[in-house]
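One structure below.
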Amino acid sequence: MRKNSARSSQRSVDAAATSPTTGRRLPTLDRKLVRELCDSAAASLAIATVIAAGVAVFVMALSTLGFLNETRDAYYDRYRMADVFASLSRAPEHIAEDIAQIPGVAGVETRVVSEVTIRVPGLDEPASGRMVSLRGGATDSVQADRRRGLNAIHLVTGRLPRWDAADEVITSEAFFEANRLTLGDTIDGLLNGRLQRMRIVGVAMSPEYVFQIRSGDFLPDDRRFGIFWTSRQHLEAAFDMQGAFNDVSLRLLRGVATRPVIERLDQILEPFGGIGSYGRSDQLSARFLDDEIKQLRATGLIVPLIFLAVSAFLLNIVLARRIELQREAIATLKAFGYSGGEIAWHYLKFALVISIVGAVLGAAVGTWLAVGLCELYSQFFRFPTFEFRPSPKVIGWGAVVSVTSGSVGAVFAVSRVLRLHPAEAMRPAAPAHYRHGWLDALARGLGLTPTLTMTLRRLTRRPITTALSTFGIAFATAVLLVSNFAVDAIEFMIEFQFVTAQRQDLRVGFQHAVAASAADELQNIDGVVAVETFRAIPVRLRHSHLDHRTTILGLDNQRRLYRLLDRDGRPIRVPPNGLVLSDKLAELLEVSPGQDVTVEVLEERRQRATVPVVAIASEFSGTNAYMDRPALHRLLQEDRRVSGGFLQVDSARKQAVYDTLQETPRTAAVTIQTASLEAIRKTIRENQAMMQAFNVGFACVIALGVVYNMARITMAERERELATLRVIGFTRSEVSLMFLGELMWVTLLAIPVGWSIGWGLCYATVQAFESELYRIPLVISRRNLILAAGVTLAASLASGLVVRRSLDRLDLVEVLKNQG
């Protein structure tokens, strides 16, 4: 029966080795190649799957990267995204003519922009919004905005507001969808202290708000923050801005440097309360999009490198073992006239076939994943058109990278063919020289069983093979560790941000700085338990040749709700004369405690002072600076004033607090801690499960690919030895235990090595993804370590059991005769 099966299998292989076009049999070496590929189909497919995983990540990340770049650039260009932005208190409209005269300026757009508190039907908590004026005046149609203005809106549905309608607004698509609104719905807005009903007549998006997030938020909260566009005349009347503006955008001529324009613009706007101009790279939405593109680039380069390096390693050891087993066949081929180059090319084709199969699979899977990733991005980044198109160029480069890695892995093993002389190859390889060593003495002393002693002796007598196997499996453990690293990091960030450091229930921001008595008004709201006020002021910090635009938050020393922590989690006391900087801001300015920075206030009197840095606070978002509030008042030469407050509220009375704040005239924004936390967890639930499944799936591919090939190679190397043990009386269970024991020992050695490699990869990920907006903490939980080890052990055991089945089918006589 076994012989009949072998003959049937041979006929199938011979049929596969026949040219489908001519019907002729392939050359001898090509038939040999087809036969060997069929015989080792499972092992070859395992390696091809590892290659496919690397190519898939490469294609997914870089295809999406190119698509995002092209979509962003086309959107910015078609809808005239501004290059420079500036906010100010109030300037007469004729100042726009002075701005237009700045060298290099191609267009100027003045607007009225203000933060407002919004009451949304169906939402208990107060929401925040940004009101933005549309181009057009008392005699112009706002339809002109879409044709002429900068940061032009794209109308998704509905219509534009009439220029003379005070109650008509367009809302952003993300806010509209998140709150399940319909055209004609009304919302109440607190505009300059006056409650006004607004009717939604259209839905739009803008290149200025591709990524819609409120400044200071951890992740977008589309239910509680939206953008609202309305007529210029309406906002001028609501905010006492007739014939004036408080926001300006500039578009520059191609090739013009941004910095000189910003410096000149700041000079013009300084008398009018300008708080510092900034370029597109610092605009909040554009910066988030740029950071995501940067992270995609890092993913597309780092992760495939890991997979392809492992696949090259596997191809090297598989081919090396194959060449060693076929020494006599190689000698025979050389004796029949085949050159060393022809035989080497034969073995190299083995690697190339596997690489090409992996490239094809990886290109298909990577394109499918890129479509899914773009669907995920469409929930956060709003573009008029966002339909993914595969990139042939990226797919081609993926194939090149795959074939190159396969060739590199194979070339070192194949080079042995060129050095192998026929006479030498006809002889079996010289047996290794074995002798009693320290392990034998240790085994006798500990009374180890013969099976365990033989297993450990084999591992120690072949240190290079053991080390290579250990590192191969260690990479699988490392990838598993990295795949779950994001979960640990996000949980740590949430715990740090919302539990340990910032303990407030609400953060209230005022339209303008007000007298300190406002704290009493907040404290007197029914349901408010505690209030800690703050003073916020926009500044530019300078140290040496470096500068950074940020906000100084003036805090009281006695604080329970909003705490600053050092890297060890200990509270930082803000001293009466000095600055506390976030760790990222200190890094950007290259400053450490004890050094001085120059503080340039960007509003009102524009004071300048030199202030020492006294401490560094550990934070994972933003670039913030902090100061003792009385010291900040002295720097600003003002009486006690506050910009807002942190509130702790009675959970049973929170609705009453929300209602009161929505009707308080000076309130500009209300941030609810629990709502922010709920939005973050909702986003993570919706998206992290898919991303984690994707990461773990690829990690399991590499684990199974490595371990299965290791088990196959070990089985091939020990087939004669295991058959001999069966002949001399060892039971099938004992032989199986010896085979699986060696694999398990190597796996146990590999796990701590994999943890170390995984830590290094996590560190590289942290460095690659770090930005001014967010930092990922390097946190690896015990659960993650155990999970990575458990999956690796399970993969090893499963692969070992699959290969171990061949022990049951061993023809002992045939094995001993063939290798005798």
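By convention in this document, the chains of the structure tokens carry letters A, B, ... by their order, each chain's residues are numbered from 1, and ligands are numbered from 1 in the order they are shown.
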Pick out each residue of region 70-202 of chain A that DSSP on the backbone tags as strand (DSSP E); I need them as number ranges by chain.
-> A: 84-92, 105-111, 113-119, 127-134, 154-158, 168-172, 186-191, 194-202
Region 208-389 of chain A: residues DSSP assigns to alpha helix (DSSP H), reported as a ChimeraX atom specification | /A:232-238,258-269,284-325,327-335,340-377
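Between CA of Pro752 (chain A) and CA of Val482 (chain A) the separation is 14.2 Å.
Between Tyr658 (chain A) and the residues A:Val414, A:Leu506, A:Gly366, A:Ala515, the shortest atom-to-atom distance, using only C-alpha atoms, involves A:Leu506.
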Excluding region 66-79 of chain A and residues on its chain fewer than 4 positions from it, collect all residues at most 9 Å away from it, counting only C-alpha atoms, and give them as a PyMOL selection string.
-> chain A and resi 61-62+146-147+149-154+206-208+210+289+293+374+383-386+388-391+394
Name the closest residue to Ser799 (chain A) among the candidates A:Tyr377, A:Ala43, A:Arg382, A:Gly340; distances are taken between atoms, counting only C-alpha atoms.
->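 So, comparing all the options, the nearest one is A:Ala43.
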Selected residue of minimal separation from Asp488 (chain A) among A:Leu778, A:Val113, A:Ala42, A:Ala331, counting only C-alpha atoms =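 That would be A:Leu778, the residue with the smallest distance to Asp488 (chain A).
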Distance query region 735-751 of chain A at most 8 Å, only C-alpha atoms, self and fewer than 4 positions along chain excluded, as number ranges by chain | A: 451-452, 454-456, 459, 466, 469-471, 473-474, 477, 711, 715, 722, 725-726, 730-731, 755, 789, 792-793, 796-797, 800-801, 804, 807
With a distance cut-off of 12 Å and only C-alpha atoms, select the neighbouring residues of Leu37 (chain A), excluding the residue or stretch itself and same-chain residues fewer than 3 positions from it, and output the selection as a PyMOL selection string.
-> chain A and resi 13+16-17+30-34+40-45+48+319+322+346-347+349-354+357
What is the distance between CA of Ala795 (chain A) and CA of Val706 (chain A), in Å to one decimal?
->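 Here the two named atoms are 9.3 Å from each other.
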